[in-house]
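*Asks:* So here's run-v4.cif (mmCIF, C-alpha atoms (C1' of nucleotides)).
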```
data_my_file
loop_
_atom_site.group_PDB
_atom_site.id
_atom_site.type_symbol
_atom_site.label_atom_id
_atom_site.label_comp_id
_atom_site.auth_asym_id
_atom_site.auth_seq_id
_atom_site.Cartn_x
_atom_site.Cartn_y
_atom_site.Cartn_z
ATOM 1 C CA MET P 1 13.608 -3.282 -22.516
ATOM 2 C CA PRO P 2 11.988 -4.814 -19.456
ATOM 3 C CA THR P 3 14.341 -6.707 -17.186
ATOM 4 C CA ARG P 4 14.438 -10.401 -18.002
ATOM 5 C CA ARG P 5 12.974 -12.523 -15.244
ATOM 6 C CA THR P 6 14.715 -15.749 -14.307
ATOM 7 C CA LYS P 7 13.221 -18.488 -12.144
ATOM 8 C CA LEU P 8 15.262 -19.127 -9.011
ATOM 9 C CA PRO P 9 16.954 -22.556 -9.240
ATOM 10 C CA HIS P 10 16.567 -25.311 -6.647
ATOM 11 C CA SER P 11 20.068 -24.537 -5.394
ATOM 12 C CA PHE P 12 18.812 -21.115 -4.254
ATOM 13 C CA TYR P 13 16.608 -22.843 -1.661
ATOM 14 C CA ASN P 14 19.184 -25.449 -0.661
ATOM 15 C CA ARG P 15 20.907 -23.119 1.817
ATOM 16 C CA PRO P 16 20.504 -21.859 5.392
ATOM 17 C CA THR P 17 16.888 -20.708 5.749
ATOM 18 C CA LEU P 18 17.701 -17.265 7.167
ATOM 19 C CA GLN P 19 19.857 -16.558 4.135
ATOM 20 C CA VAL P 20 17.094 -17.702 1.785
ATOM 21 C CA ALA P 21 14.525 -15.568 3.626
ATOM 22 C CA GLU P 22 16.565 -12.402 3.248
ATOM 23 C CA GLN P 23 17.353 -13.037 -0.391
ATOM 24 C CA LEU P 24 13.720 -13.762 -1.226
ATOM 25 C CA LEU P 25 12.997 -10.090 -0.545
ATOM 26 C CA GLY P 26 12.755 -8.316 -3.890
ATOM 27 C CA LYS P 27 11.989 -11.548 -5.761
ATOM 28 C CA VAL P 28 8.649 -11.996 -7.538
ATOM 29 C CA LEU P 29 6.047 -14.652 -6.706
ATOM 30 C CA VAL P 30 4.082 -15.540 -9.858
ATOM 31 C CA HIS P 31 0.920 -17.648 -10.153
ATOM 32 C CA ARG P 32 -0.452 -18.548 -13.588
ATOM 33 C CA THR P 33 -4.078 -19.679 -13.594
ATOM 34 C CA PRO P 34 -6.787 -20.034 -16.258
ATOM 35 C CA SER P 35 -8.160 -16.719 -14.959
ATOM 36 C CA GLY P 36 -4.883 -14.984 -15.682
ATOM 37 C CA ILE P 37 -1.470 -14.296 -14.199
ATOM 38 C CA ALA P 38 -0.975 -12.501 -10.900
ATOM 39 C CA SER P 39 2.375 -11.618 -9.375
ATOM 40 C CA GLY P 40 3.933 -9.594 -6.587
ATOM 41 C CA MET P 41 7.349 -8.695 -5.211
ATOM 42 C CA ILE P 42 8.136 -10.287 -1.849
ATOM 43 C CA VAL P 43 8.550 -7.578 0.805
ATOM 44 C CA GLU P 44 8.176 -9.613 4.007
ATOM 45 C CA ALA P 45 9.111 -13.169 5.003
ATOM 46 C CA GLU P 46 9.675 -15.368 8.054
ATOM 47 C CA ALA P 47 11.951 -18.370 8.600
ATOM 48 C CA TYR P 48 10.774 -21.573 10.282
ATOM 49 C CA ILE P 49 13.682 -23.868 10.970
ATOM 50 C CA GLY P 50 13.649 -27.493 12.044
ATOM 51 C CA GLU P 51 11.976 -29.603 14.704
ATOM 52 C CA ASP P 52 13.745 -27.628 17.437
ATOM 53 C CA ASP P 53 11.892 -24.458 16.411
ATOM 54 C CA PRO P 54 8.676 -24.621 18.478
ATOM 55 C CA ALA P 55 6.810 -22.423 15.993
ATOM 56 C CA CYS P 56 7.758 -24.549 12.986
ATOM 57 C CA HIS P 57 5.132 -26.999 11.796
ATOM 58 C CA ALA P 58 7.814 -29.679 11.962
ATOM 59 C CA ALA P 59 8.073 -29.273 15.762
ATOM 60 C CA PRO P 60 5.810 -32.323 16.489
ATOM 61 C CA GLY P 61 7.763 -34.420 13.992
ATOM 62 C CA PRO P 62 6.553 -35.592 10.598
ATOM 63 C CA THR P 63 2.774 -35.540 10.086
ATOM 64 C CA ARG P 64 0.503 -35.864 7.106
ATOM 65 C CA ARG P 65 0.211 -32.095 6.907
ATOM 66 C CA ASN P 66 3.853 -31.068 7.211
ATOM 67 C CA VAL P 67 5.464 -33.685 4.956
ATOM 68 C CA PRO P 68 6.438 -31.070 2.334
ATOM 69 C CA LEU P 69 8.769 -29.501 4.923
ATOM 70 C CA TYR P 70 10.788 -32.722 4.999
ATOM 71 C CA GLY P 71 11.058 -32.907 1.232
ATOM 72 C CA PRO P 72 13.519 -31.318 -1.192
ATOM 73 C CA PRO P 73 14.044 -27.527 -1.291
ATOM 74 C CA GLY P 74 12.271 -25.303 -3.806
ATOM 75 C CA ILE P 75 8.822 -26.821 -3.236
ATOM 76 C CA ALA P 76 5.714 -24.910 -2.113
ATOM 77 C CA TYR P 77 4.195 -25.781 1.267
ATOM 78 C CA VAL P 78 0.619 -24.503 1.452
ATOM 79 C CA TYR P 79 -1.640 -25.159 4.411
ATOM 80 C CA LEU P 80 -4.931 -24.015 5.863
ATOM 81 C CA ASN P 81 -4.599 -21.744 8.872
ATOM 82 C CA TYR P 82 -7.384 -21.106 11.369
ATOM 83 C CA GLY P 83 -9.632 -23.064 9.050
ATOM 84 C CA ILE P 84 -9.951 -19.990 6.855
ATOM 85 C CA HIS P 85 -6.680 -18.769 5.373
ATOM 86 C CA TYR P 86 -4.156 -20.408 3.073
ATOM 87 C CA LEU P 87 -0.511 -19.610 3.837
ATOM 88 C CA VAL P 88 2.316 -20.265 1.388
ATOM 89 C CA ASN P 89 5.912 -21.221 2.211
ATOM 90 C CA ALA P 90 9.006 -22.026 0.175
ATOM 91 C CA VAL P 91 10.687 -25.192 1.473
ATOM 92 C CA THR P 92 14.394 -24.710 2.154
ATOM 93 C CA GLU P 93 17.531 -26.658 3.078
ATOM 94 C CA ALA P 94 18.530 -30.163 2.099
ATOM 95 C CA ASP P 95 16.079 -33.011 1.573
ATOM 96 C CA GLY P 96 15.151 -34.466 4.968
ATOM 97 C CA HIS P 97 15.807 -31.243 6.893
ATOM 98 C CA PRO P 98 12.431 -29.588 7.672
ATOM 99 C CA ALA P 99 12.553 -25.821 7.170
ATOM 100 C CA ALA P 100 10.751 -23.189 5.125
ATOM 101 C CA VAL P 101 10.257 -19.491 4.500
ATOM 102 C CA LEU P 102 6.736 -18.124 5.001
ATOM 103 C CA ILE P 103 5.815 -15.461 2.463
ATOM 104 C CA ARG P 104 4.024 -12.764 4.487
ATOM 105 C CA ALA P 105 3.521 -9.853 2.108
ATOM 106 C CA LEU P 106 3.934 -8.788 -1.512
ATOM 107 C CA ALA P 107 3.928 -5.552 -3.449
ATOM 108 C CA PRO P 108 1.546 -6.135 -6.382
ATOM 109 C CA VAL P 109 3.379 -6.321 -9.727
ATOM 110 C CA GLY P 110 1.053 -7.853 -12.328
ATOM 111 C CA GLY P 111 -2.583 -8.912 -12.529
ATOM 112 C CA VAL P 112 -3.857 -6.170 -10.254
ATOM 113 C CA VAL P 113 -7.309 -6.317 -11.876
ATOM 114 C CA LEU P 114 -7.459 -10.051 -11.113
ATOM 115 C CA MET P 115 -6.366 -9.421 -7.518
ATOM 116 C CA HIS P 116 -9.160 -6.910 -7.065
ATOM 117 C CA ALA P 117 -11.622 -9.434 -8.452
ATOM 118 C CA ARG P 118 -10.469 -11.976 -5.867
ATOM 119 C CA ARG P 119 -10.213 -9.644 -2.889
ATOM 120 C CA GLY P 120 -12.808 -6.974 -3.560
ATOM 121 C CA ALA P 121 -12.797 -3.742 -5.521
ATOM 122 C CA HIS P 122 -12.624 -1.605 -2.390
ATOM 123 C CA VAL P 123 -9.228 -2.926 -1.263
ATOM 124 C CA ALA P 124 -6.394 -0.402 -1.561
ATOM 125 C CA GLY P 125 -3.535 -1.365 -3.852
ATOM 126 C CA ARG P 126 -0.930 -1.577 -1.129
ATOM 127 C CA ASP P 127 -3.236 -3.840 0.896
ATOM 128 C CA LEU P 128 -3.984 -6.335 -1.898
ATOM 129 C CA CYS P 129 -1.155 -8.675 -0.844
ATOM 130 C CA ARG P 130 -0.501 -7.353 2.652
ATOM 131 C CA GLY P 131 -0.574 -10.282 5.086
ATOM 132 C CA PRO P 132 0.041 -14.011 4.460
ATOM 133 C CA GLY P 133 -3.640 -14.921 4.157
ATOM 134 C CA ASN P 134 -4.404 -11.958 1.944
ATOM 135 C CA LEU P 135 -1.653 -12.562 -0.595
ATOM 136 C CA THR P 136 -2.690 -16.169 -1.220
ATOM 137 C CA LYS P 137 -6.228 -15.003 -1.800
ATOM 138 C CA ALA P 138 -5.068 -12.296 -4.213
ATOM 139 C CA LEU P 139 -2.922 -14.755 -6.183
ATOM 140 C CA GLY P 140 -5.472 -17.568 -6.065
ATOM 141 C CA ILE P 141 -3.211 -19.889 -4.067
ATOM 142 C CA ALA P 142 -4.985 -22.717 -2.187
ATOM 143 C CA LEU P 143 -4.386 -26.330 -1.184
ATOM 144 C CA SER P 144 -4.278 -27.328 -4.848
ATOM 145 C CA GLU P 145 -0.969 -25.458 -5.017
ATOM 146 C CA ASN P 146 0.547 -27.423 -2.136
ATOM 147 C CA GLN P 147 3.771 -29.221 -3.076
ATOM 148 C CA LEU P 148 4.083 -27.514 -6.463
ATOM 149 C CA ASP P 149 7.649 -27.099 -7.686
ATOM 150 C CA LEU P 150 8.522 -23.409 -7.414
ATOM 151 C CA VAL P 151 10.971 -23.776 -10.297
ATOM 152 C CA SER P 152 8.890 -25.472 -12.962
ATOM 153 C CA SER P 153 5.175 -25.317 -12.063
ATOM 154 C CA ARG P 154 2.494 -22.658 -12.566
ATOM 155 C CA LEU P 155 3.616 -21.207 -9.233
ATOM 156 C CA THR P 156 7.150 -19.799 -9.348
ATOM 157 C CA ILE P 157 9.494 -17.335 -7.667
ATOM 158 C CA GLU P 158 11.566 -15.262 -10.065
ATOM 159 C CA ASP P 159 14.446 -12.809 -9.938
ATOM 160 C CA CYS P 160 13.603 -9.535 -11.654
ATOM 161 C CA GLY P 161 16.921 -7.932 -10.850
ATOM 162 C CA CYS P 162 15.328 -5.589 -8.320
ATOM 163 C CA ARG P 163 17.692 -4.106 -5.775
ATOM 164 C CA VAL P 164 16.491 -4.097 -2.183
ATOM 165 C CA PRO P 165 17.272 -0.728 -0.606
ATOM 166 C CA GLY P 166 17.142 -1.881 3.015
ATOM 167 C CA VAL P 167 16.296 -4.956 5.088
ATOM 168 C CA SER P 168 15.065 -5.018 8.690
ATOM 169 C CA TRP P 169 14.955 -8.015 11.051
ATOM 170 C CA GLY P 170 12.749 -8.648 14.078
ATOM 171 C CA PRO P 171 10.751 -11.282 15.953
ATOM 172 C CA ARG P 172 8.217 -13.330 14.015
ATOM 173 C CA ILE P 173 4.630 -12.240 14.547
ATOM 174 C CA GLY P 174 1.317 -14.004 14.958
ATOM 175 C CA ILE P 175 2.869 -16.822 16.997
ATOM 176 C CA ARG P 176 3.017 -17.527 20.734
ATOM 177 C CA VAL P 177 6.076 -19.750 20.862
ATOM 178 C CA GLY P 178 9.470 -19.217 19.354
ATOM 179 C CA VAL P 179 9.153 -15.439 19.596
ATOM 180 C CA GLU P 180 12.716 -15.239 20.904
ATOM 181 C CA HIS P 181 14.114 -15.706 17.405
ATOM 182 C CA PRO P 182 14.387 -12.571 15.229
ATOM 183 C CA TRP P 183 13.551 -14.576 12.128
ATOM 184 C CA ARG P 184 11.198 -12.151 10.373
ATOM 185 C CA CYS P 185 12.655 -9.887 7.718
ATOM 186 C CA TRP P 186 11.121 -7.189 5.581
ATOM 187 C CA MET P 187 11.927 -4.330 3.232
ATOM 188 C CA THR P 188 12.486 -1.390 5.517
ATOM 189 C CA GLY P 189 9.622 1.057 5.366
ATOM 190 C CA HIS P 190 7.701 -0.673 2.585
ATOM 191 C CA PRO P 191 3.955 0.167 2.742
ATOM 192 C CA SER P 192 2.830 -3.417 2.032
ATOM 193 C CA VAL P 193 4.612 -4.902 5.061
ATOM 194 C CA SER P 194 2.109 -6.306 7.564
ATOM 195 C CA GLY P 195 2.844 -4.442 10.766
ATOM 196 C CA ARG P 196 0.231 -5.984 12.936
ATOM 197 C CA VAL P 197 1.010 -5.991 16.659
ATOM 198 C CA ILE P 198 0.245 -9.170 18.621
ATOM 199 C CA LYS P 199 -0.208 -9.016 22.336
ATOM 200 C "C1'" DA X 200 -14.657 -39.653 20.413
ATOM 201 C "C1'" DG X 201 -14.078 -35.168 22.162
ATOM 202 C "C1'" DC X 202 -11.487 -30.951 22.721
ATOM 203 C "C1'" DA X 203 -8.317 -26.933 22.736
ATOM 204 C "C1'" DA X 204 -5.185 -24.236 20.063
ATOM 205 C "C1'" DG X 205 -3.238 -22.271 15.982
ATOM 206 C "C1'" DA X 206 2.472 -18.925 11.182
ATOM 207 C "C1'" DT X 207 -5.155 -14.723 10.379
ATOM 208 C "C1'" DT X 208 -8.481 -11.496 8.999
ATOM 209 C "C1'" DA X 209 -12.608 -8.616 8.930
ATOM 210 C "C1'" DG X 210 -16.084 -6.555 11.324
ATOM 211 C "C1'" DC X 211 -18.467 -4.518 15.379
ATOM 212 C "C1'" DC U 212 -12.389 -7.584 21.105
ATOM 213 C "C1'" DT U 213 -14.385 -11.513 18.827
ATOM 214 C "C1'" DA U 214 -16.288 -14.695 15.365
ATOM 215 C "C1'" DA U 215 -15.325 -17.615 11.508
ATOM 216 C "C1'" DT U 216 -13.740 -22.510 10.540
ATOM 217 C "C1'" DC U 217 -10.776 -26.932 10.122
ATOM 218 C "C1'" DT U 218 -6.659 -29.804 10.941
ATOM 219 C "C1'" DT U 219 -3.577 -31.625 14.311
ATOM 220 C "C1'" DG U 220 -2.363 -33.871 18.439
ATOM 221 C "C1'" DC U 221 -3.505 -34.917 23.055
ATOM 222 C "C1'" DT U 222 -6.604 -37.066 26.505
ATOM 223 C "C1'" DA U 223 -10.087 -40.525 27.759
#
```
Go ahead and express the file in the form of structure tokens.
*Replies:*
Amino acid sequence: MPTRRTKLPHSFYNRPTLQVAEQLLGKVLVHRTPSGIASGMIVEAEAYIGEDDPACHAAPGPTRRNVPLYGPPGIAYVYLNYGIHYLVNAVTEADGHPAAVLIRALAPVGGVVLMHARRGAHVAGRDLCRGPGNLTKALGIALSENQLDLVSSRLTIEDCGCRVPGVSWGPRIGIRVGVEHPWRCWMTGHPSVSGRVIK
DNA sequence: AGCAAGATTAGC
DNA sequence: CTAATCTTGCTA
């Protein structure tokens, strides 16, 4: 019998963001579209916490773009980065407290054929959802998925009962401010973790 | 109104 | 190393 998958409840996200980030590792991000269902296990995530975190989108205060961060936990925050890539976050902590976990990499679980169709047939399996912009493309996540409820919408995060063998922590990558916080976590040694070095 | 920078990626 | 491409927030 396959392990029963259960959607993570809102209470899962209504906790300190670092704790949510670590516990999201091993969980499965699922997107159901008319084209089919695609899913992947989260292997890398970063925490962005409050207006005092210079790298958090909430740093300038509330704006039209970052309003989801100020809303209730368990909601998706999707935005366009560099004008090209969509990045997906899970909003955390109590309503009114802006914080979120950025999903940076997945290990493909289901819908691999669909992922190849979206990303290109030449892409290696371990690279299909490697990197925050790549995984949204593979799962078909765009601005239309912004503010979806991760508990009850077509975009969900589920617990498959997977055990995480090891977790590593380090500085967040791809940012120029806030690098002093070791708020990036990943499954130690997993091949789908984005290991890009930023100068 | 104009401009620089940004939680990235692919290609040369 | 650099282009691609668009929203935000600051300056004028």
*Asks:* What is the atom CA of P:Ala105-atom CA of P:Glu145 distance in Å, reported with one decimal?
*Replies:* 17.7 Å
*Asks:* Distance limit 7 Å, atoms considered: all atoms listed in the file. Which chain P residues sit that close to chain U? Return them as a list in words.
*Replies:*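 The answer, sorted by residue number, is Tyr82, Gly83 and Ile84 of chain P.
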*Asks:* What's the separation between atom C1' of X:DT208 and atom CA of P:Leu18, in Å to one decimal place?
*Replies:*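 Those two atoms sit 26.9 Å apart.
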*Asks:* Write out, as CSV, each residue of chain P that has an atom at most 8 Å from chain X, together with the closest pair of atoms and their distance in Å to one decimal, counting only C-alpha atoms (C1' of nucleotides), rows going by chain and rising number.
*Replies:*
```
residue,atom,partner,partner_atom,distance
P:Ala55,CA,X:DA206,C1',7.4
P:Cys56,CA,X:DA206,C1',7.9
P:Asn81,CA,X:DT207,C1',7.2
P:Tyr82,CA,X:DG205,C1',6.3
P:Ile84,CA,X:DT207,C1',7.9
P:His85,CA,X:DT207,C1',6.6
P:Leu87,CA,X:DA206,C1',8.0
P:Leu102,CA,X:DA206,C1',7.6
P:Pro132,CA,X:DT207,C1',7.9
P:Gly133,CA,X:DT207,C1',6.4
P:Ile173,CA,X:DA206,C1',7.8
P:Gly174,CA,X:DA206,C1',6.3
P:Ile175,CA,X:DA206,C1',6.2
```
*Asks:* Enter the distance from atom CA of P:Tyr13 to atom CA of P:Val28, in Å, rounded to one decimal.
*Replies:* 14.7 Å
*Asks:* Pick out the residues sitting within 9 Å of P:His57, and hand them over as a PyMOL selection string; count only C-alpha atoms (C1' of nucleotides), and ignore anything fewer than 4 positions along from it in its own chain.
*Replies:* (chain P and resi 48+50-51+53+61-62+65-66+69+98-99) or (chain X and resi 206)
*Asks:* Just write the chosen residues, C-alpha atoms (C1' of nucleotides), as a PDB file, in the frame of the given file.
*Replies:*
```pdb
ATOM      1  CA  TYR P  48      10.774 -21.573  10.282  1.00  0.00           C
ATOM      2  CA  GLY P  50      13.649 -27.493  12.044  1.00  0.00           C
ATOM      3  CA  GLU P  51      11.976 -29.603  14.704  1.00  0.00           C
ATOM      4  CA  ASP P  53      11.892 -24.458  16.411  1.00  0.00           C
ATOM      5  CA  GLY P  61       7.763 -34.420  13.992  1.00  0.00           C
ATOM      6  CA  PRO P  62       6.553 -35.592  10.598  1.00  0.00           C
ATOM      7  CA  ARG P  65       0.211 -32.095   6.907  1.00  0.00           C
ATOM      8  CA  ASN P  66       3.853 -31.068   7.211  1.00  0.00           C
ATOM      9  CA  LEU P  69       8.769 -29.501   4.923  1.00  0.00           C
ATOM     10  CA  PRO P  98      12.431 -29.588   7.672  1.00  0.00           C
ATOM     11  CA  ALA P  99      12.553 -25.821   7.170  1.00  0.00           C
TER      12      ALA P  99
ATOM     13  C1'  DA X 206       2.472 -18.925  11.182  1.00  0.00           C
TER      14       DA X 206
END
```
*Asks:* Quick one: axis-aligned box around all listed atoms of stretch 212-222 of chain U, 6 Å on every side, centre and edge lengths in Å to one decimal, written as JSON.
*Replies:*
```
{"center_x": -9.3, "center_y": -22.3, "center_z": 18.3, "size_x": 25.9, "size_y": 41.5, "size_z": 28.4}
```
*Asks:* Neighbours of P:Glu93 within 10 Å (only C-alpha atoms (C1' of nucleotides); same-chain residues fewer than 4 positions away dropped), as a list in words?
*Replies:*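 What passes the distance filter is His10, Ser11, Phe12, Tyr13, Asn14, Arg15, Pro16, Thr17, Val20, Ile49, Gly50, Leu69, Tyr70, Gly71, Pro72, Pro73, Gly74, His97, Pro98, Ala99 and Ala100 of chain P.
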